[in-house]
$ cat coords-v3.cif   # mmCIF, C-alpha atoms
data_start
loop_
_atom_site.group_PDB
_atom_site.id
_atom_site.type_symbol
_atom_site.label_atom_id
_atom_site.label_comp_id
_atom_site.auth_asym_id
_atom_site.auth_seq_id
_atom_site.Cartn_x
_atom_site.Cartn_y
_atom_site.Cartn_z
ATOM 1 C CA MET A 1145 23.831 -51.909 100.649
ATOM 2 C CA SER A 1146 21.362 -51.598 97.779
ATOM 3 C CA GLY A 1147 21.153 -51.658 93.987
ATOM 4 C CA PHE A 1148 20.331 -54.623 91.788
ATOM 5 C CA VAL A 1149 19.288 -57.889 93.400
ATOM 6 C CA GLU A 1150 20.227 -59.561 90.108
ATOM 7 C CA LYS A 1151 21.808 -57.225 87.571
ATOM 8 C CA PRO A 1152 20.858 -58.308 84.036
ATOM 9 C CA GLU A 1153 23.411 -58.797 81.309
ATOM 10 C CA PRO A 1154 22.891 -56.261 78.502
ATOM 11 C CA VAL A 1155 21.456 -57.564 75.241
ATOM 12 C CA GLN A 1156 24.008 -57.404 72.451
ATOM 13 C CA VAL A 1157 22.664 -55.938 69.205
ATOM 14 C CA PRO A 1158 24.808 -55.410 66.078
ATOM 15 C CA GLY A 1159 25.374 -51.711 65.473
ATOM 16 C CA LEU A 1160 24.466 -50.705 69.019
ATOM 17 C CA THR A 1161 26.906 -49.951 71.828
ATOM 18 C CA HIS A 1162 25.626 -50.578 75.342
ATOM 19 C CA LEU A 1163 26.150 -47.513 77.543
ATOM 20 C CA HIS A 1164 24.265 -48.055 80.778
ATOM 21 C CA THR A 1165 21.885 -50.342 82.651
ATOM 22 C CA GLY A 1166 19.611 -48.223 84.851
ATOM 23 C CA LYS A 1167 16.920 -49.128 87.337
ATOM 24 C CA VAL A 1168 14.366 -49.477 84.560
ATOM 25 C CA ARG A 1169 15.997 -48.490 81.263
ATOM 26 C CA ASP A 1170 18.871 -49.827 79.206
ATOM 27 C CA LEU A 1171 20.725 -47.231 77.167
ATOM 28 C CA TYR A 1172 22.575 -47.801 73.897
ATOM 29 C CA ARG A 1173 24.143 -45.630 71.218
ATOM 30 C CA ASP A 1174 23.601 -46.355 67.537
ATOM 31 C CA GLU A 1175 26.050 -45.798 64.702
ATOM 32 C CA ALA A 1176 24.486 -42.406 63.922
ATOM 33 C CA GLY A 1177 25.261 -41.238 67.462
ATOM 34 C CA ASN A 1178 21.653 -41.313 68.630
ATOM 35 C CA LEU A 1179 20.598 -42.842 71.929
ATOM 36 C CA VAL A 1180 18.486 -45.989 71.982
ATOM 37 C CA MET A 1181 16.446 -46.172 75.167
ATOM 38 C CA VAL A 1182 14.792 -49.492 76.081
ATOM 39 C CA ALA A 1183 12.274 -49.534 78.943
ATOM 40 C CA SER A 1184 12.394 -52.872 80.741
ATOM 41 C CA ASP A 1185 9.744 -54.385 83.022
ATOM 42 C CA ARG A 1186 12.057 -54.016 86.027
ATOM 43 C CA MET A 1187 10.614 -52.657 89.257
ATOM 44 C CA SER A 1188 12.569 -50.653 91.831
ATOM 45 C CA ALA A 1189 11.602 -49.915 95.422
ATOM 46 C CA TYR A 1190 13.489 -48.679 98.461
ATOM 47 C CA ASP A 1191 16.667 -48.189 96.389
ATOM 48 C CA TRP A 1192 16.630 -51.821 95.207
ATOM 49 C CA VAL A 1193 15.914 -53.129 91.722
ATOM 50 C CA LEU A 1194 13.745 -56.116 92.546
ATOM 51 C CA PRO A 1195 14.229 -59.642 91.216
ATOM 52 C CA THR A 1196 10.633 -59.770 89.931
ATOM 53 C CA GLU A 1197 9.458 -57.918 86.813
ATOM 54 C CA ILE A 1198 6.003 -56.434 86.161
ATOM 55 C CA PRO A 1199 4.767 -57.614 82.737
ATOM 56 C CA ASP A 1200 4.103 -54.800 80.215
ATOM 57 C CA LYS A 1201 5.423 -52.118 82.583
ATOM 58 C CA GLY A 1202 8.077 -50.906 80.140
ATOM 59 C CA ARG A 1203 5.562 -50.663 77.316
ATOM 60 C CA VAL A 1204 3.140 -48.703 79.500
ATOM 61 C CA LEU A 1205 5.902 -46.232 80.422
ATOM 62 C CA THR A 1206 6.931 -45.832 76.783
ATOM 63 C CA LYS A 1207 3.440 -45.497 75.325
ATOM 64 C CA LEU A 1208 2.284 -43.096 78.031
ATOM 65 C CA SER A 1209 5.418 -40.954 77.675
ATOM 66 C CA LEU A 1210 4.809 -40.663 73.939
ATOM 67 C CA TRP A 1211 1.205 -39.590 74.597
ATOM 68 C CA TRP A 1212 2.362 -36.899 77.018
ATOM 69 C CA PHE A 1213 5.183 -35.703 74.747
ATOM 70 C CA ASP A 1214 2.517 -35.002 72.119
ATOM 71 C CA LYS A 1215 0.347 -33.089 74.618
ATOM 72 C CA LEU A 1216 3.308 -30.953 75.707
ATOM 73 C CA ALA A 1217 4.931 -30.311 72.334
ATOM 74 C CA ASP A 1218 3.913 -26.644 72.211
ATOM 75 C CA LEU A 1219 5.488 -26.007 75.635
ATOM 76 C CA VAL A 1220 8.827 -27.779 75.277
ATOM 77 C CA PRO A 1221 10.494 -29.948 72.623
ATOM 78 C CA ASN A 1222 11.351 -33.565 73.474
ATOM 79 C CA HIS A 1223 14.187 -35.909 72.604
ATOM 80 C CA VAL A 1224 12.263 -38.553 70.626
ATOM 81 C CA LEU A 1225 13.392 -39.089 67.037
ATOM 82 C CA SER A 1226 11.743 -42.426 66.223
ATOM 83 C CA THR A 1227 9.928 -45.420 67.662
ATOM 84 C CA GLU A 1228 11.184 -47.711 64.918
ATOM 85 C CA LEU A 1229 12.847 -50.873 66.186
ATOM 86 C CA PRO A 1230 16.606 -50.951 65.416
ATOM 87 C CA ALA A 1231 17.689 -53.605 62.926
ATOM 88 C CA GLY A 1232 18.632 -56.820 64.694
ATOM 89 C CA ALA A 1233 16.936 -55.877 67.975
ATOM 90 C CA PRO A 1234 15.005 -58.635 69.763
ATOM 91 C CA ALA A 1235 11.256 -58.778 69.215
ATOM 92 C CA ASP A 1236 10.688 -58.055 72.919
ATOM 93 C CA TRP A 1237 11.989 -54.514 72.360
ATOM 94 C CA GLU A 1238 8.893 -53.706 70.298
ATOM 95 C CA GLY A 1239 6.799 -51.029 71.993
ATOM 96 C CA ARG A 1240 9.418 -50.253 74.639
ATOM 97 C CA THR A 1241 12.163 -48.666 72.530
ATOM 98 C CA LEU A 1242 12.769 -45.026 71.644
ATOM 99 C CA ILE A 1243 15.449 -43.593 69.366
ATOM 100 C CA CYS A 1244 16.393 -40.297 70.967
ATOM 101 C CA LYS A 1245 18.516 -37.261 70.328
ATOM 102 C CA SER A 1246 21.707 -37.199 72.368
ATOM 103 C CA LEU A 1247 21.575 -34.216 74.727
ATOM 104 C CA ASP A 1248 23.820 -32.396 77.158
ATOM 105 C CA MET A 1249 21.872 -33.476 80.246
ATOM 106 C CA VAL A 1250 21.223 -31.121 83.156
ATOM 107 C CA PRO A 1251 22.400 -32.911 86.346
ATOM 108 C CA VAL A 1252 19.211 -32.095 88.260
ATOM 109 C CA GLU A 1253 15.908 -33.875 88.823
ATOM 110 C CA ALA A 1254 13.350 -31.177 88.025
ATOM 111 C CA VAL A 1255 10.537 -31.872 90.495
ATOM 112 C CA ALA A 1256 7.187 -30.081 90.646
ATOM 113 C CA ARG A 1257 4.778 -30.486 93.539
ATOM 114 C CA GLY A 1258 1.169 -29.401 93.679
ATOM 115 C CA TYR A 1259 0.321 -31.427 96.776
ATOM 116 C CA LEU A 1260 2.205 -32.217 99.970
ATOM 117 C CA THR A 1261 3.366 -35.788 100.528
ATOM 118 C CA GLY A 1262 6.466 -37.989 100.548
ATOM 119 C CA SER A 1263 9.813 -36.349 101.268
ATOM 120 C CA GLY A 1264 8.186 -32.927 100.999
ATOM 121 C CA LEU A 1265 5.846 -33.787 103.856
ATOM 122 C CA LEU A 1266 8.742 -34.971 106.017
ATOM 123 C CA GLU A 1267 10.596 -31.680 105.557
ATOM 124 C CA TYR A 1268 7.414 -29.659 106.071
ATOM 125 C CA ASN A 1269 6.716 -31.393 109.373
ATOM 126 C CA GLU A 1270 10.193 -30.445 110.583
ATOM 127 C CA SER A 1271 10.524 -26.884 109.304
ATOM 128 C CA ARG A 1272 7.331 -25.783 107.467
ATOM 129 C CA THR A 1273 9.431 -25.672 104.290
ATOM 130 C CA VAL A 1274 10.049 -27.840 101.217
ATOM 131 C CA CYS A 1275 13.459 -27.411 99.590
ATOM 132 C CA GLY A 1276 13.764 -24.224 101.620
ATOM 133 C CA LEU A 1277 10.456 -22.771 100.349
ATOM 134 C CA ALA A 1278 8.226 -21.598 103.186
ATOM 135 C CA LEU A 1279 4.706 -23.049 103.253
ATOM 136 C CA PRO A 1280 1.695 -22.069 105.368
ATOM 137 C CA GLU A 1281 0.766 -23.724 108.643
ATOM 138 C CA GLY A 1282 -1.905 -26.378 108.848
ATOM 139 C CA LEU A 1283 -1.004 -28.564 105.861
ATOM 140 C CA THR A 1284 -1.236 -32.349 106.167
ATOM 141 C CA ASP A 1285 -0.479 -35.408 104.064
ATOM 142 C CA GLY A 1286 -2.242 -34.879 100.731
ATOM 143 C CA SER A 1287 -2.960 -31.156 101.151
ATOM 144 C CA GLU A 1288 -3.089 -29.105 97.965
ATOM 145 C CA LEU A 1289 -0.451 -26.375 97.999
ATOM 146 C CA PRO A 1290 -1.408 -22.736 97.454
ATOM 147 C CA ALA A 1291 0.448 -22.923 94.121
ATOM 148 C CA PRO A 1292 2.729 -25.530 92.505
ATOM 149 C CA ILE A 1293 6.360 -25.350 93.633
ATOM 150 C CA PHE A 1294 9.676 -26.298 92.029
ATOM 151 C CA THR A 1295 11.558 -28.613 94.392
ATOM 152 C CA PRO A 1296 14.668 -29.926 92.626
ATOM 153 C CA ALA A 1297 16.740 -32.930 93.625
ATOM 154 C CA THR A 1298 20.169 -34.291 92.832
ATOM 155 C CA LYS A 1299 20.336 -37.286 90.506
ATOM 156 C CA ALA A 1300 21.438 -40.422 92.346
ATOM 157 C CA ALA A 1301 23.189 -43.542 91.106
ATOM 158 C CA VAL A 1302 21.401 -46.894 91.208
ATOM 159 C CA GLY A 1303 21.029 -47.851 94.861
ATOM 160 C CA ASP A 1304 21.279 -44.301 96.198
ATOM 161 C CA HIS A 1305 18.635 -41.755 97.197
ATOM 162 C CA ASP A 1306 17.895 -38.620 95.203
ATOM 163 C CA GLU A 1307 18.367 -35.726 97.619
ATOM 164 C CA ASN A 1308 16.212 -32.607 97.666
ATOM 165 C CA VAL A 1309 18.199 -29.398 97.207
ATOM 166 C CA SER A 1310 17.367 -25.709 97.259
ATOM 167 C CA TYR A 1311 16.829 -23.590 94.168
ATOM 168 C CA GLU A 1312 19.917 -21.627 95.157
ATOM 169 C CA GLU A 1313 21.986 -24.820 95.060
ATOM 170 C CA VAL A 1314 20.691 -25.586 91.561
ATOM 171 C CA ALA A 1315 21.636 -22.079 90.442
ATOM 172 C CA ARG A 1316 25.091 -22.613 91.895
ATOM 173 C CA GLN A 1317 25.499 -25.904 90.016
ATOM 174 C CA VAL A 1318 24.091 -25.009 86.593
ATOM 175 C CA GLY A 1319 23.998 -21.205 86.574
ATOM 176 C CA ALA A 1320 21.239 -18.717 87.310
ATOM 177 C CA GLU A 1321 19.892 -18.579 83.754
ATOM 178 C CA THR A 1322 19.575 -22.354 83.398
ATOM 179 C CA ALA A 1323 18.067 -22.682 86.874
ATOM 180 C CA ALA A 1324 15.405 -20.086 86.062
ATOM 181 C CA LEU A 1325 14.597 -21.812 82.757
ATOM 182 C CA LEU A 1326 14.346 -25.187 84.503
ATOM 183 C CA ARG A 1327 11.950 -23.805 87.104
ATOM 184 C CA GLN A 1328 9.798 -21.978 84.572
ATOM 185 C CA THR A 1329 9.555 -24.951 82.202
ATOM 186 C CA THR A 1330 8.987 -27.499 84.973
ATOM 187 C CA LEU A 1331 6.081 -25.539 86.454
ATOM 188 C CA ALA A 1332 4.550 -24.862 83.030
ATOM 189 C CA VAL A 1333 4.650 -28.554 82.101
ATOM 190 C CA TYR A 1334 3.340 -29.623 85.502
ATOM 191 C CA SER A 1335 0.442 -27.157 85.306
ATOM 192 C CA ARG A 1336 -0.554 -28.357 81.834
ATOM 193 C CA ALA A 1337 -0.375 -32.009 82.877
ATOM 194 C CA ARG A 1338 -2.219 -31.356 86.162
ATOM 195 C CA ASP A 1339 -5.128 -29.816 84.268
ATOM 196 C CA ILE A 1340 -5.270 -32.630 81.711
ATOM 197 C CA ALA A 1341 -5.192 -35.268 84.453
ATOM 198 C CA ARG A 1342 -7.825 -33.448 86.503
ATOM 199 C CA GLU A 1343 -10.231 -33.559 83.539
ATOM 200 C CA ARG A 1344 -9.860 -37.345 83.652
ATOM 201 C CA GLY A 1345 -10.509 -37.688 87.373
ATOM 202 C CA ILE A 1346 -6.854 -37.965 88.390
ATOM 203 C CA ILE A 1347 -4.820 -35.734 90.690
ATOM 204 C CA LEU A 1348 -1.198 -35.227 89.652
ATOM 205 C CA ALA A 1349 0.315 -34.726 93.094
ATOM 206 C CA ASP A 1350 3.920 -34.365 92.009
ATOM 207 C CA THR A 1351 6.241 -35.402 89.220
ATOM 208 C CA LYS A 1352 9.865 -35.270 88.163
ATOM 209 C CA PHE A 1353 11.349 -34.393 84.788
ATOM 210 C CA GLU A 1354 14.764 -34.682 83.226
ATOM 211 C CA PHE A 1355 15.999 -32.055 80.818
ATOM 212 C CA GLY A 1356 18.976 -31.652 78.530
ATOM 213 C CA PHE A 1357 20.251 -29.080 76.087
ATOM 214 C CA ASP A 1358 20.358 -29.448 72.314
ATOM 215 C CA GLY A 1359 22.647 -26.522 71.633
ATOM 216 C CA GLU A 1360 20.891 -23.606 73.333
ATOM 217 C CA THR A 1361 17.470 -25.304 73.423
ATOM 218 C CA LEU A 1362 16.124 -26.955 76.582
ATOM 219 C CA VAL A 1363 14.653 -30.363 75.714
ATOM 220 C CA LEU A 1364 12.451 -32.713 77.751
ATOM 221 C CA ALA A 1365 14.074 -36.156 78.006
ATOM 222 C CA ASP A 1366 13.748 -39.643 79.488
ATOM 223 C CA GLU A 1367 10.210 -40.640 80.498
ATOM 224 C CA VAL A 1368 7.512 -38.137 81.329
ATOM 225 C CA LEU A 1369 4.418 -38.226 83.560
ATOM 226 C CA THR A 1370 4.297 -41.974 84.084
ATOM 227 C CA PRO A 1371 3.430 -43.901 87.260
ATOM 228 C CA ASP A 1372 7.190 -44.358 87.774
ATOM 229 C CA SER A 1373 7.979 -40.638 87.717
ATOM 230 C CA SER A 1374 4.743 -39.202 89.118
ATOM 231 C CA ARG A 1375 2.217 -39.583 91.914
ATOM 232 C CA PHE A 1376 -1.243 -40.027 90.431
ATOM 233 C CA TRP A 1377 -4.196 -40.173 92.827
ATOM 234 C CA PRO A 1378 -7.861 -40.915 92.078
ATOM 235 C CA ALA A 1379 -9.576 -37.536 92.570
ATOM 236 C CA ALA A 1380 -12.772 -39.090 93.872
ATOM 237 C CA GLU A 1381 -10.874 -40.663 96.797
ATOM 238 C CA TRP A 1382 -8.701 -37.667 97.679
ATOM 239 C CA GLU A 1383 -8.822 -36.989 101.407
ATOM 240 C CA PRO A 1384 -6.085 -34.849 102.974
ATOM 241 C CA GLY A 1385 -4.781 -36.045 106.327
ATOM 242 C CA ARG A 1386 -3.918 -39.579 105.257
ATOM 243 C CA ALA A 1387 -1.896 -41.447 102.656
ATOM 244 C CA GLN A 1388 -3.737 -41.374 99.328
ATOM 245 C CA PRO A 1389 -4.428 -44.401 97.133
ATOM 246 C CA SER A 1390 -2.283 -44.134 94.005
ATOM 247 C CA TYR A 1391 -1.618 -45.497 90.533
ATOM 248 C CA ASP A 1392 1.957 -46.621 91.061
ATOM 249 C CA LYS A 1393 4.229 -49.065 92.875
ATOM 250 C CA GLN A 1394 2.686 -48.471 96.307
ATOM 251 C CA ILE A 1395 1.282 -52.017 96.294
ATOM 252 C CA VAL A 1396 4.856 -53.299 95.983
ATOM 253 C CA ARG A 1397 6.140 -51.000 98.737
ATOM 254 C CA ASN A 1398 3.311 -52.038 101.061
ATOM 255 C CA TRP A 1399 4.009 -55.728 100.555
ATOM 256 C CA LEU A 1400 7.766 -55.354 101.007
ATOM 257 C CA THR A 1401 7.299 -53.616 104.354
ATOM 258 C CA SER A 1402 4.579 -56.013 105.554
ATOM 259 C CA PRO A 1403 5.187 -59.107 107.707
ATOM 260 C CA ALA A 1404 4.178 -61.206 104.689
ATOM 261 C CA SER A 1405 7.434 -60.419 102.872
ATOM 262 C CA GLY A 1406 9.676 -61.358 105.792
ATOM 263 C CA TRP A 1407 12.063 -58.606 104.685
ATOM 264 C CA ASP A 1408 13.706 -56.122 107.030
ATOM 265 C CA ARG A 1409 14.211 -52.901 105.112
ATOM 266 C CA ALA A 1410 16.877 -51.797 107.587
ATOM 267 C CA SER A 1411 18.959 -54.912 106.958
ATOM 268 C CA GLU A 1412 21.565 -55.327 104.239
ATOM 269 C CA GLN A 1413 19.688 -58.293 102.804
ATOM 270 C CA PRO A 1414 18.137 -57.864 99.328
ATOM 271 C CA PRO A 1415 14.340 -57.897 99.096
ATOM 272 C CA PRO A 1416 12.571 -61.141 98.121
ATOM 273 C CA ALA A 1417 10.721 -61.987 94.916
ATOM 274 C CA LEU A 1418 7.208 -60.590 94.626
ATOM 275 C CA PRO A 1419 4.233 -62.967 94.816
ATOM 276 C CA ALA A 1420 2.052 -63.357 91.713
ATOM 277 C CA GLU A 1421 -0.864 -61.477 93.300
ATOM 278 C CA VAL A 1422 1.266 -58.383 93.951
ATOM 279 C CA VAL A 1423 2.667 -58.523 90.410
ATOM 280 C CA GLU A 1424 -0.797 -58.701 88.838
ATOM 281 C CA LYS A 1425 -2.260 -55.937 91.022
ATOM 282 C CA THR A 1426 0.686 -53.668 90.213
ATOM 283 C CA ARG A 1427 0.401 -54.339 86.486
ATOM 284 C CA ALA A 1428 -3.311 -53.518 86.710
ATOM 285 C CA LYS A 1429 -2.543 -50.165 88.373
ATOM 286 C CA TYR A 1430 -0.099 -49.191 85.618
ATOM 287 C CA THR A 1431 -2.460 -50.135 82.804
ATOM 288 C CA GLU A 1432 -5.412 -48.458 84.565
ATOM 289 C CA ALA A 1433 -3.438 -45.212 84.810
ATOM 290 C CA TYR A 1434 -2.706 -45.414 81.083
ATOM 291 C CA GLU A 1435 -6.347 -46.019 80.192
ATOM 292 C CA LEU A 1436 -7.728 -43.263 82.425
ATOM 293 C CA LEU A 1437 -5.246 -40.648 81.248
ATOM 294 C CA THR A 1438 -5.308 -41.395 77.525
ATOM 295 C CA GLY A 1439 -8.896 -42.612 77.196
ATOM 296 C CA GLN A 1440 -7.543 -45.525 75.179
ATOM 297 C CA PRO A 1441 -7.788 -49.227 76.069
ATOM 298 C CA TRP A 1442 -4.509 -50.907 76.969
ATOM 299 C CA SER A 1443 -3.552 -53.590 74.478
#
$ encode --input "coords-v3.cif" --output "structure tokens"
Amino acid sequence: MSGFVEKPEPVQVPGLTHLHTGKVRDLYRDEAGNLVMVASDRMSAYDWVLPTEIPDKGRVLTKLSLWWFDKLADLVPNHVLSTELPAGAPADWEGRTLICKSLDMVPVEAVARGYLTGSGLLEYNESRTVCGLALPEGLTDGSELPAPIFTPATKAAVGDHDENVSYEEVARQVGAETAALLRQTTLAVYSRARDIARERGIILADTKFEFGFDGETLVLADEVLTPDSSRFWPAAEWEPGRAQPSYDKQIVRNWLTSPASGWDRASEQPPPALPAEVVEKTRAKYTEAYELLTGQPWS
């Protein structure tokens, strides 16, 4: 059992049709047929959407995505049409809302890895592969890979795990031409972002993208290169052979699995509310990532 601890009721806005409530985002369609994407302050961990929100999280994700979309515009187009607030929308939507082009979405999480950790590390320890790609001996948690790799995953519903799949499986699902384009674009975007982050003292260990087609054109969609979709590590503290400190929800994960939370992850019980200290520390990590990457103060 997993999913929402407390699923929110969608906000009703004249002229907008509610389509979906995701882990973090609420999706609407406007009268022109465009998508309206609203990034909430919801936090997910261990396949649960937690009952406690992280203030400003949705605005950080939105503002950082817009910054990255601009940096990547020469590599791949994106789905953003406007940041203007729809008429009649609540004031709280300001800064967390994007009007986006409706795309034919590719049903694959396009994941790029430049470093070994997470689910990739687990597979490597068993078979010396990640998504079927052979890797050299001697790698440990946090090791830099010889070259970035494309390690796709299936998209999961709320409460379910994304599952790593082979490139061959992606080609079977979406066709060889689309699979090759996904791999090429994913690695190009990752490499650009990795270099930009490195200049700012941050390691981009891995990240996931979502793509869709506008006619024949592949378009970058959803969020991009945020602490929710990426592993960012402080370069000065990088030390292979151990878990790396990161700019993401790791503080939340650590608390949930600690004795302090009283929660058994293996049980079917939903996780508890987060204490104020964990909320504030997590918010600080998100805003710090924004400031370090963009060079702009969070406000």
$ residues_near_point --input "coords-v3.cif" --point "(10.7, -62.6, 93.7)" --cutoff "9 Å" --atoms "all atoms listed in the file" --output "PyMOL selection string"
chain A and resi 1194-1197+1415-1420
$ residues_around --input "coords-v3.cif" --residues "Ala1380 (chain A)" --least-positions-apart "4" --cutoff "10 Å" --atoms "only C-alpha atoms" --output "PyMOL selection string"
chain A and resi 1345-1347
$ closest_residue --input "coords-v3.cif" --among "A:His1223, A:Gly1406, A:Leu1208, A:Ala1183" --to "Pro1441 (chain A)" --atoms "all atoms listed in the file"
A:Leu1208
$ resolve_selection --input "coords-v3.cif" --expression "the PyMOL selection byres ((chain A and resi 1400) around 10)" --output "PDB file with C-alpha atoms, in the coordinates of the input"
ATOM      1  CA  ALA A1189      11.602 -49.915  95.422  1.00  0.00           C
ATOM      2  CA  TYR A1190      13.489 -48.679  98.461  1.00  0.00           C
ATOM      3  CA  GLN A1394       2.686 -48.471  96.307  1.00  0.00           C
ATOM      4  CA  ILE A1395       1.282 -52.017  96.294  1.00  0.00           C
ATOM      5  CA  VAL A1396       4.856 -53.299  95.983  1.00  0.00           C
ATOM      6  CA  ARG A1397       6.140 -51.000  98.737  1.00  0.00           C
ATOM      7  CA  ASN A1398       3.311 -52.038 101.061  1.00  0.00           C
ATOM      8  CA  TRP A1399       4.009 -55.728 100.555  1.00  0.00           C
ATOM      9  CA  THR A1401       7.299 -53.616 104.354  1.00  0.00           C
ATOM     10  CA  SER A1402       4.579 -56.013 105.554  1.00  0.00           C
ATOM     11  CA  PRO A1403       5.187 -59.107 107.707  1.00  0.00           C
ATOM     12  CA  ALA A1404       4.178 -61.206 104.689  1.00  0.00           C
ATOM     13  CA  SER A1405       7.434 -60.419 102.872  1.00  0.00           C
ATOM     14  CA  GLY A1406       9.676 -61.358 105.792  1.00  0.00           C
ATOM     15  CA  TRP A1407      12.063 -58.606 104.685  1.00  0.00           C
ATOM     16  CA  ASP A1408      13.706 -56.122 107.030  1.00  0.00           C
ATOM     17  CA  ARG A1409      14.211 -52.901 105.112  1.00  0.00           C
ATOM     18  CA  PRO A1415      14.340 -57.897  99.096  1.00  0.00           C
ATOM     19  CA  PRO A1416      12.571 -61.141  98.121  1.00  0.00           C
ATOM     20  CA  ALA A1417      10.721 -61.987  94.916  1.00  0.00           C
ATOM     21  CA  LEU A1418       7.208 -60.590  94.626  1.00  0.00           C
TER      22      LEU A1418
END
$ residues_around --input "coords-v3.cif" --residues "region 1249-1259 of chain A" --least-positions-apart "3" --cutoff "6 Å" --atoms "only C-alpha atoms" --output "PDB file with C-alpha atoms, keeping the file's coordinate frame"
ATOM      1  CA  GLY A1286      -2.242 -34.879 100.731  1.00  0.00           C
ATOM      2  CA  SER A1287      -2.960 -31.156 101.151  1.00  0.00           C
ATOM      3  CA  GLU A1288      -3.089 -29.105  97.965  1.00  0.00           C
ATOM      4  CA  LEU A1289      -0.451 -26.375  97.999  1.00  0.00           C
ATOM      5  CA  PRO A1292       2.729 -25.530  92.505  1.00  0.00           C
ATOM      6  CA  ILE A1293       6.360 -25.350  93.633  1.00  0.00           C
ATOM      7  CA  PHE A1294       9.676 -26.298  92.029  1.00  0.00           C
ATOM      8  CA  THR A1295      11.558 -28.613  94.392  1.00  0.00           C
ATOM      9  CA  PRO A1296      14.668 -29.926  92.626  1.00  0.00           C
ATOM     10  CA  ALA A1297      16.740 -32.930  93.625  1.00  0.00           C
ATOM     11  CA  THR A1298      20.169 -34.291  92.832  1.00  0.00           C
ATOM     12  CA  LYS A1299      20.336 -37.286  90.506  1.00  0.00           C
ATOM     13  CA  ALA A1349       0.315 -34.726  93.094  1.00  0.00           C
ATOM     14  CA  ASP A1350       3.920 -34.365  92.009  1.00  0.00           C
ATOM     15  CA  THR A1351       6.241 -35.402  89.220  1.00  0.00           C
ATOM     16  CA  LYS A1352       9.865 -35.270  88.163  1.00  0.00           C
ATOM     17  CA  PHE A1353      11.349 -34.393  84.788  1.00  0.00           C
ATOM     18  CA  GLU A1354      14.764 -34.682  83.226  1.00  0.00           C
ATOM     19  CA  PHE A1355      15.999 -32.055  80.818  1.00  0.00           C
ATOM     20  CA  GLY A1356      18.976 -31.652  78.530  1.00  0.00           C
TER      21      GLY A1356
END
$ closest_residue --input "coords-v3.cif" --among "A:Lys1245, A:Arg1386, A:Arg1327, A:Lys1215" --to "Val1368 (chain A)" --atoms "only C-alpha atoms"
A:Lys1215
$ closest_residue --input "coords-v3.cif" --among "A:Asp1358, A:Thr1161, A:Leu1219, A:Tyr1391" --to "Leu1331 (chain A)" --atoms "only C-alpha atoms"
A:Leu1219
$ atom_distance --input "coords-v3.cif" --atom1 "CA of Glu1360 (chain A)" --atom2 "CA of Asn1308 (chain A)"
26.4 Å
$ residues_around --input "coords-v3.cif" --residues "Asn1178 (chain A)" --least-positions-apart "5" --cutoff "12 Å" --atoms "all atoms listed in the file" --output "list of chain:residue names"
A:Gly1159, A:Leu1160, A:Thr1161, A:Leu1163, A:Leu1171, A:Tyr1172, A:Arg1173, A:His1223, A:Val1224, A:Leu1225, A:Ser1226, A:Pro1230, A:Leu1242, A:Ile1243, A:Cys1244, A:Lys1245, A:Ser1246, A:Leu1247
$ write_last_selection --input "coords-v3.cif" --atoms "C-alpha atoms" --output "PDB file, keeping the file's coordinate frame"
ATOM      1  CA  GLY A1159      25.374 -51.711  65.473  1.00  0.00           C
ATOM      2  CA  LEU A1160      24.466 -50.705  69.019  1.00  0.00           C
ATOM      3  CA  THR A1161      26.906 -49.951  71.828  1.00  0.00           C
ATOM      4  CA  LEU A1163      26.150 -47.513  77.543  1.00  0.00           C
ATOM      5  CA  LEU A1171      20.725 -47.231  77.167  1.00  0.00           C
ATOM      6  CA  TYR A1172      22.575 -47.801  73.897  1.00  0.00           C
ATOM      7  CA  ARG A1173      24.143 -45.630  71.218  1.00  0.00           C
ATOM      8  CA  HIS A1223      14.187 -35.909  72.604  1.00  0.00           C
ATOM      9  CA  VAL A1224      12.263 -38.553  70.626  1.00  0.00           C
ATOM     10  CA  LEU A1225      13.392 -39.089  67.037  1.00  0.00           C
ATOM     11  CA  SER A1226      11.743 -42.426  66.223  1.00  0.00           C
ATOM     12  CA  PRO A1230      16.606 -50.951  65.416  1.00  0.00           C
ATOM     13  CA  LEU A1242      12.769 -45.026  71.644  1.00  0.00           C
ATOM     14  CA  ILE A1243      15.449 -43.593  69.366  1.00  0.00           C
ATOM     15  CA  CYS A1244      16.393 -40.297  70.967  1.00  0.00           C
ATOM     16  CA  LYS A1245      18.516 -37.261  70.328  1.00  0.00           C
ATOM     17  CA  SER A1246      21.707 -37.199  72.368  1.00  0.00           C
ATOM     18  CA  LEU A1247      21.575 -34.216  74.727  1.00  0.00           C
TER      19      LEU A1247
END
$ resolve_selection --input "coords-v3.cif" --expression "the PyMOL selection byres ((chain A and resi 1239) around 9)" --output "VMD selection string"
chain A and resid 1183 1202 to 1204 1206 to 1207 1227 to 1229 1236 to 1238 1240 to 1242
$ residues_around --input "coords-v3.cif" --residues "Glu1270 (chain A)" --least-positions-apart "6" --cutoff "12 Å" --atoms "only C-alpha atoms" --output "ChimeraX atom specification"
/A:1263-1264,1276,1278-1279,1281
$ closest_residue --input "coords-v3.cif" --among "A:Glu1267, A:Glu1421, A:Asp1170, A:Glu1313" --to "Gln1156 (chain A)" --atoms "only C-alpha atoms"
A:Asp1170
$ closest_residue --input "coords-v3.cif" --among "A:Thr1329, A:Leu1210, A:Thr1322, A:Cys1275" --to "Val1309 (chain A)" --atoms "all atoms listed in the file"
A:Cys1275
$ atom_distance --input "coords-v3.cif" --atom1 "CA of Leu1260 (chain A)" --atom2 "CA of Asp1285 (chain A)"
5.8 Å
$ atom_distance --input "coords-v3.cif" --atom1 "CA of Asp1372 (chain A)" --atom2 "CA of Glu1153 (chain A)"
22.7 Å
